[in-house]
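Following: one structure in structure tokens, then a few remarks.
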Amino acid sequence: MLIIAPTVKSEIINRILAVVGSKIITQYEVESFNPKKVKEIYSIEDEEKRSQSIKTYYKNVLDFLVEQYTLEEIGKRYNVVVSEKEADDAIKDILKRNNITETDLQGALESEGITLAQYRWQIKMDILVTRIKSRVINQLVVITDNDIKKYIDENNGTLRLSDKYELRYILIQNKENISKVIDAIKEKGFASAASEFSEDKTAKSGGYLGFVSIEELSKDIRERLKDAKIKEYIKVESDKDVKFFYVESIKSKYDVSKEQRETILSALMETRYKDVYQSWLDKNRSEIFIRYIPY
């Protein structure tokens with residue numbers, strides 16, 4: 001009996017509670033996850049309360065460990081792994097950077113209701129997910145020019161981007177000169193006509209206004225410019241005067257700078273990544289053998 005007893009006790013403590021792919025989760029691992037909590041539970045005198053508390057503890061820890069092992073098993077399929085040493089080194093680095101001891105860290109974690117074992121898993125999984133993202137998921141995320149345009153349209157209030165027109169301008173208050181201006185534009189070009197006839201201060205520079213945001217223009221001019229093509233002019237007439245606008249070039253709101261494009265791509269990747277990652281995770285999770293064994 002003295003020889004058999006330790007063996008029986010060992011079998012009970014190491015009873016298998018769940019299987020995840022090639023991994024097994026034992027009672028010992030579950031109870032070792034938070035020995036302080038287990039000790040508190042086993043010290044509860046009320047048998048029914050103690051039994052319910054241990055069941056709740058087992059379920060929470062098992063669910064957590066199953067989720068972690070499932071992700072590890074999926075990672076292995078794609079040759080993405082994180083060693084125990086890497087997890088330990090990451091924690092050592094945290095201790096060094098914050099100039100604290102492991103005891104200090106454990107105390108800080110306990111105040112937030114987190115065990116060191118749980119924290120270690122979280123660190124390990126953060127490293128694993130980052131590698132999965134860079135080596136697998138990023139290859140599955142495709143961002144098209146249409147995606148970028150859609151993002152700009154949907155976030156224009158924040159981005160504040162708009163079509164910009166490079167314009168030249170002629171202001172005519174004496175309407176008798178309108179036909180002369182039109183003839184001059186045809187014969188000499190818009191800049192020459194502006195220098196000769198425009199009554200605006202820009203006449204000296206051939207009516208050059210530079211790049212103007214479409215929102216900066218009055219509604220009637222905006223409506224006319226929408227259909228204007230490069231190297232064409234429009235005429236906007238009112239009771240007081242006649243304005244001519246010549247389109248040198250058009251800079252679309254979609255023609256963003258390199259920095260703006262990178263910012264947009266980053267935002268799209270972050271959003272798209274979540275959807276692609278979750279879909280990828282669900283598909284792979286369904287192919288992993290997971291079984292809880294009644295205890």
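In the structure tokens, chains take letters A, B, ... by order of appearance, with residues numbered from 1 within each chain and ligands from 1 in the order shown.
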Determine, using only C-alpha atoms, which residues of segment 102-193 of chain A have any atom at most 12 Å from an atom of segment 281-285 of chain A, and tabulate each with its shortest atom pair and distance in Å to one decimal place, rows ordered by chain and then rising number, as JSON lines.
```
{"residue": "A:Val129", "atom": "CA", "partner": "A:Leu281", "partner_atom": "CA", "distance": 10.7}
{"residue": "A:Ile132", "atom": "CA", "partner": "A:Leu281", "partner_atom": "CA", "distance": 10.4}
{"residue": "A:Lys133", "atom": "CA", "partner": "A:Leu281", "partner_atom": "CA", "distance": 11.3}
{"residue": "A:Val136", "atom": "CA", "partner": "A:Leu281", "partner_atom": "CA", "distance": 11.3}
{"residue": "A:Ile137", "atom": "CA", "partner": "A:Leu281", "partner_atom": "CA", "distance": 10.0}
```
Asp200 of chain A surroundings by only C-alpha atoms, 8 Å radius, close-in-sequence under 4 positions cut, as a list in words: Ile170, Leu171 and Gly207 of chain A
Could you give me the residues within segment 7-133 of chain A that DSSP places in alpha helix (DSSP H), as a PyMOL selection string? chain A and resi 7-13+27-33+35-42+47-77+84-98+102-111+116-132
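Using only C-alpha atoms, the protein and nucleic acid residues lying no more than 8 Å from Ser162 of chain A, apart from those fewer than 4 places from it along its own chain, are Ser213, Ile214, Glu215, Ser252 and Lys253 of chain A.
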Could you dump the residues just selected with N, CA and C atoms as a compact mmCIF listing (two decimals), in the first residue's frame?
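Now in part.txt:
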```txt
# COMPACT_ATOMS: atom_id res chain seq x y z
N SER A 213 -8.84 74.96 -53.61
CA SER A 213 -9.73 73.87 -53.22
C SER A 213 -11.13 74.15 -53.74
N ILE A 214 -11.79 73.14 -54.22
CA ILE A 214 -13.12 73.30 -54.79
C ILE A 214 -14.10 73.88 -53.78
N GLU A 215 -13.86 73.57 -52.47
CA GLU A 215 -14.76 74.07 -51.41
C GLU A 215 -14.62 75.57 -51.19
N SER A 252 -6.59 65.70 -57.94
CA SER A 252 -7.70 64.99 -57.30
C SER A 252 -7.43 64.82 -55.80
N LYS A 253 -8.48 64.79 -55.02
CA LYS A 253 -8.33 64.56 -53.58
C LYS A 253 -7.76 63.17 -53.31
```
Step one, run DSSP on the backbone; step two, keep only residues of segment 110-203 of chain A assigned to strand (DSSP E); then write them as a CSV table (one decimal) with C-alpha atoms, in the first residue's frame.
```csv
chain,number,residue,atom,x,y,z
A,164,LYS,CA,-7.8,71.2,-56.2
A,165,TYR,CA,-7.9,73.2,-59.4
A,166,GLU,CA,-4.9,75.1,-60.7
A,167,LEU,CA,-6.6,78.2,-62.0
A,168,ARG,CA,-6.1,81.3,-64.0
A,169,TYR,CA,-8.7,84.1,-63.7
A,170,ILE,CA,-10.1,87.0,-65.7
A,171,LEU,CA,-12.5,89.5,-64.2
A,172,ILE,CA,-14.4,91.7,-66.6
```
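Checking A:Leu109, A:Ala18, A:Val30, A:Val256 one by one against Leu159 of chain A, counting only C-alpha atoms, you find the shortest gap at A:Val256.
The residue that comes closest to Lys231 of chain A, out of A:Glu248, A:Asp255, A:Glu216, A:Asp163 and on the basis of only C-alpha atoms, is A:Glu248.
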